[in-house]
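Structure file coords_33.cif; described as mmCIF, C-alpha atoms.
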```cif
data_data
loop_
_atom_site.label_atom_id
_atom_site.label_comp_id
_atom_site.auth_asym_id
_atom_site.auth_seq_id
_atom_site.Cartn_x
_atom_site.Cartn_y
_atom_site.Cartn_z
CA PRO F 1 4.19 22.05 -21.86
CA GLU F 2 5.62 18.53 -21.65
CA GLU F 3 3.09 15.81 -22.34
CA GLU F 4 2.36 13.47 -19.47
CA ALA F 5 1.39 9.88 -20.06
CA LEU F 6 -1.75 8.72 -18.31
CA PRO F 7 -1.00 6.44 -15.35
CA GLU F 8 -0.20 2.92 -16.49
CA GLU F 9 -2.66 1.40 -14.02
CA LYS F 10 -5.50 3.05 -15.98
CA PHE F 11 -4.93 0.71 -18.91
CA PRO F 12 -6.35 -2.80 -18.80
CA GLU F 13 -4.54 -6.05 -19.34
CA ILE F 14 -5.69 -7.64 -22.59
CA PRO F 15 -3.80 -10.92 -23.00
CA SER F 16 -5.74 -11.96 -26.12
CA LEU F 17 -4.72 -8.91 -28.18
CA GLN F 18 -2.14 -9.82 -30.81
CA SER F 19 -1.98 -6.77 -33.06
CA VAL F 20 -2.04 -3.01 -32.50
CA ASN F 21 -2.36 -0.53 -35.36
CA LEU F 22 -1.80 3.03 -34.21
CA GLU F 23 -2.82 5.66 -36.70
CA TRP F 24 -1.15 8.85 -35.59
CA ASN F 25 -3.94 11.19 -36.68
CA TYR F 26 -6.36 9.58 -34.24
CA LEU F 27 -4.00 10.08 -31.32
CA ARG F 28 -4.08 13.88 -31.47
CA SER F 29 -7.19 14.90 -29.56
CA ASP F 30 -5.62 14.72 -26.10
CA ARG F 31 -1.90 15.50 -25.91
CA ARG F 32 -1.47 12.73 -23.29
CA TRP F 33 -2.79 9.98 -25.53
CA PRO F 34 0.21 9.27 -27.75
CA LYS F 35 2.63 8.78 -24.87
CA SER F 36 -0.01 6.90 -22.91
CA ILE F 37 -0.79 4.50 -25.73
CA PHE F 38 2.90 3.93 -26.41
CA SER F 39 3.49 3.30 -22.70
CA TRP F 40 0.62 0.81 -22.64
CA VAL F 41 1.99 -1.08 -25.64
CA ALA F 42 5.43 -1.35 -24.02
CA SER F 43 4.13 -2.12 -20.52
CA GLY F 44 3.51 -5.85 -20.85
CA LYS F 45 -0.23 -5.51 -20.24
CA LEU F 46 -0.71 -6.86 -23.75
CA ALA F 47 1.10 -10.10 -22.97
CA ASN F 48 0.63 -11.76 -26.37
CA LEU F 49 1.12 -8.75 -28.60
CA GLU F 50 2.86 -9.91 -31.79
CA LYS F 51 2.54 -6.93 -34.12
CA VAL F 52 2.85 -3.17 -33.69
CA HIS F 53 2.11 -0.96 -36.69
CA ILE F 54 2.51 2.80 -36.40
CA TYR F 55 1.33 4.84 -39.34
CA GLU F 56 0.29 8.31 -40.28
CA ARG F 57 -1.65 10.09 -42.93
CA SER F 58 -0.94 13.60 -44.09
CA ALA F 59 -1.19 16.61 -41.78
CA THR F 60 0.60 14.94 -38.91
CA PRO F 61 1.74 17.32 -36.18
CA LYS F 62 5.34 18.49 -36.19
CA ASP F 63 6.07 16.90 -32.82
CA TYR F 64 5.39 13.43 -34.21
CA GLY F 65 9.12 12.79 -34.59
CA SER F 66 9.68 13.38 -30.88
CA ARG F 67 6.77 11.10 -30.00
CA LEU F 68 8.13 8.40 -32.27
CA ALA F 69 11.53 8.78 -30.58
CA TYR F 70 9.72 8.46 -27.21
CA PHE F 71 8.15 5.16 -28.33
CA LEU F 72 11.53 3.87 -29.51
CA GLU F 73 13.03 4.80 -26.13
CA LEU F 74 10.27 2.81 -24.44
CA LEU F 75 11.09 -0.19 -26.63
CA LYS F 76 14.79 0.15 -25.80
CA SER F 77 14.12 0.13 -22.07
CA THR F 78 11.20 -2.27 -21.69
CA THR F 79 11.66 -5.44 -19.71
CA SER F 80 8.08 -6.57 -20.29
CA THR F 81 6.75 -9.66 -22.04
CA LEU F 82 6.66 -7.59 -25.24
CA ARG F 83 10.35 -8.43 -25.66
CA VAL F 84 9.37 -12.07 -26.18
CA SER F 85 5.95 -11.77 -27.83
CA LEU F 86 6.70 -9.15 -30.52
CA LYS F 87 7.24 -10.64 -33.99
CA THR F 88 6.44 -7.76 -36.37
CA LEU F 89 7.36 -4.11 -36.10
CA GLN F 90 5.99 -1.92 -38.87
CA PHE F 91 6.32 1.80 -39.47
CA SER F 92 4.47 3.61 -42.24
CA THR F 93 5.50 7.17 -41.65
CA GLY F 94 7.35 9.96 -43.33
CA ARG F 95 8.92 10.89 -39.97
CA LEU F 96 11.20 7.88 -39.54
CA ASN F 97 14.66 9.05 -40.57
CA GLU F 98 18.11 7.44 -40.78
CA ASP F 99 18.89 8.11 -37.11
CA LEU F 100 15.67 6.52 -35.90
CA LEU F 101 16.16 3.57 -38.24
CA GLU F 102 19.67 3.11 -36.84
CA THR F 103 18.18 3.11 -33.32
CA ILE F 104 15.72 0.41 -34.36
CA LEU F 105 18.38 -1.77 -35.98
CA PHE F 106 21.11 -1.52 -33.36
CA ASP F 107 19.40 -0.68 -30.08
CA ILE F 108 15.94 -2.22 -30.29
CA LEU F 109 15.94 -5.31 -32.49
CA PRO F 110 18.71 -7.07 -30.54
CA ARG F 111 16.46 -6.85 -27.45
CA PHE F 112 13.53 -8.52 -29.26
CA PRO F 113 14.75 -11.98 -30.29
CA ASN F 114 11.47 -13.09 -31.88
CA VAL F 115 11.00 -10.17 -34.27
CA ARG F 116 10.96 -11.76 -37.69
CA GLU F 117 9.65 -8.83 -39.70
CA LEU F 118 10.64 -5.18 -39.72
CA ASP F 119 8.79 -3.10 -42.29
CA VAL F 120 9.99 0.45 -42.96
CA SER F 121 9.09 0.38 -46.66
CA GLU F 122 6.88 3.47 -46.49
CA CYS F 123 9.35 5.66 -44.59
CA SER F 124 10.20 8.35 -47.11
CA GLN F 125 12.63 10.23 -44.82
CA VAL F 126 15.19 7.43 -45.02
CA LYS F 127 17.32 8.76 -47.86
CA SER F 128 20.49 6.74 -47.31
CA VAL F 129 21.71 3.78 -45.30
CA ARG F 130 25.40 4.69 -45.61
CA GLY F 131 25.67 5.52 -41.90
CA ILE F 132 24.10 2.19 -41.03
CA ALA F 133 26.42 0.35 -43.42
CA ALA F 134 29.44 2.11 -41.91
CA ARG F 135 28.35 1.05 -38.42
CA ILE F 136 27.95 -2.56 -39.57
CA LYS F 137 31.48 -2.53 -41.00
CA LYS F 138 32.97 -1.43 -37.65
#
```
Would you mind giving the structure from this file in structure tokens?
Amino acid sequence: PEEEALPEEKFPEIPSLQSVNLEWNYLRSDRRWPKSIFSWVASGKLANLEKVHIYERSATPKDYGSRLAYFLELLKSTTSTLRVSLKTLQFSTGRLNEDLLETILFDILPRFPNVRELDVSECSQVKSVRGIAARIKK
């Protein structure tokens, strides 16, 4: 069954929070949690959030890639204060591939003018950036 995010109004506003580290393995107990947490991060209820770090350890569920894509879609569509406050976006995951990296570079980063650091150094699924280079050349 499709995962449902918990209602956004259930999450508190925490304007003092500046950094969120989401370890995937701890978001597995309730199937609603990953989408709910991602929705909360993108909602603007964390008005001064500067850093988002998503990482995983081994034994991550197979549907992680679809959840990561869901989070990237949220970032693409958000109109919240996160667009202004976010300065660092970090992924430490073996599930981020060339297509998702291309989405980050071309569809997300242009919407976040204050992002100064993108870290994908631990993303082992990115085997080549040829597609990205070809898109830049266009």
As AutoDock Vina command-line options, what would the box around region 102-112 of chain F look like: edges along x, y and z, 8 Å added on every side, centre and edge lengths in Å to one decimal?
```
--center_x 17.3 --center_y -2.7 --center_z -32.1 --size_x 23.6 --size_y 27.6 --size_z 25.4
```
Across F:Ile108, F:Glu102, F:Gly94, F:Thr79, the smallest distance to Ile136 (chain F), with only C-alpha atoms counted, is shown by F:Glu102
Using all atoms listed in the file, which residues sit within 8 Å of Glu13 (chain F) once same-chain residues fewer than 4 positions away are excluded, as an MDAnalysis selection string? chainID F and resid 45:47
Between CA of Asn21 (chain F) and CA of Leu75 (chain F), measure the distance and give it in Å to one decimal.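 Going from CA of Asn21 (chain F) over to CA of Leu75 (chain F) covers 16.0 Å.
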Which residues are close to Lys76 (chain F), i.e. within 8 Å by all atoms listed in the file, leaving aside same-chain residues fewer than 4 positions away? Reply as a PyMOL selection string. chain F and resi 72+107-108+111
Evaluate the PyMOL selection byres ((chain F and resi 91) around 9) here and jot the selected residues down as a list in words.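 What the PyMOL selection byres ((chain F and resi 91) around 9) grabs from the file is Val52, His53, Ile54, Tyr55, Glu56, Leu89, Gln90, Ser92, Thr93, Leu96, Leu118, Asp119, Val120, Ser121, Glu122 and Cys123 of chain F.
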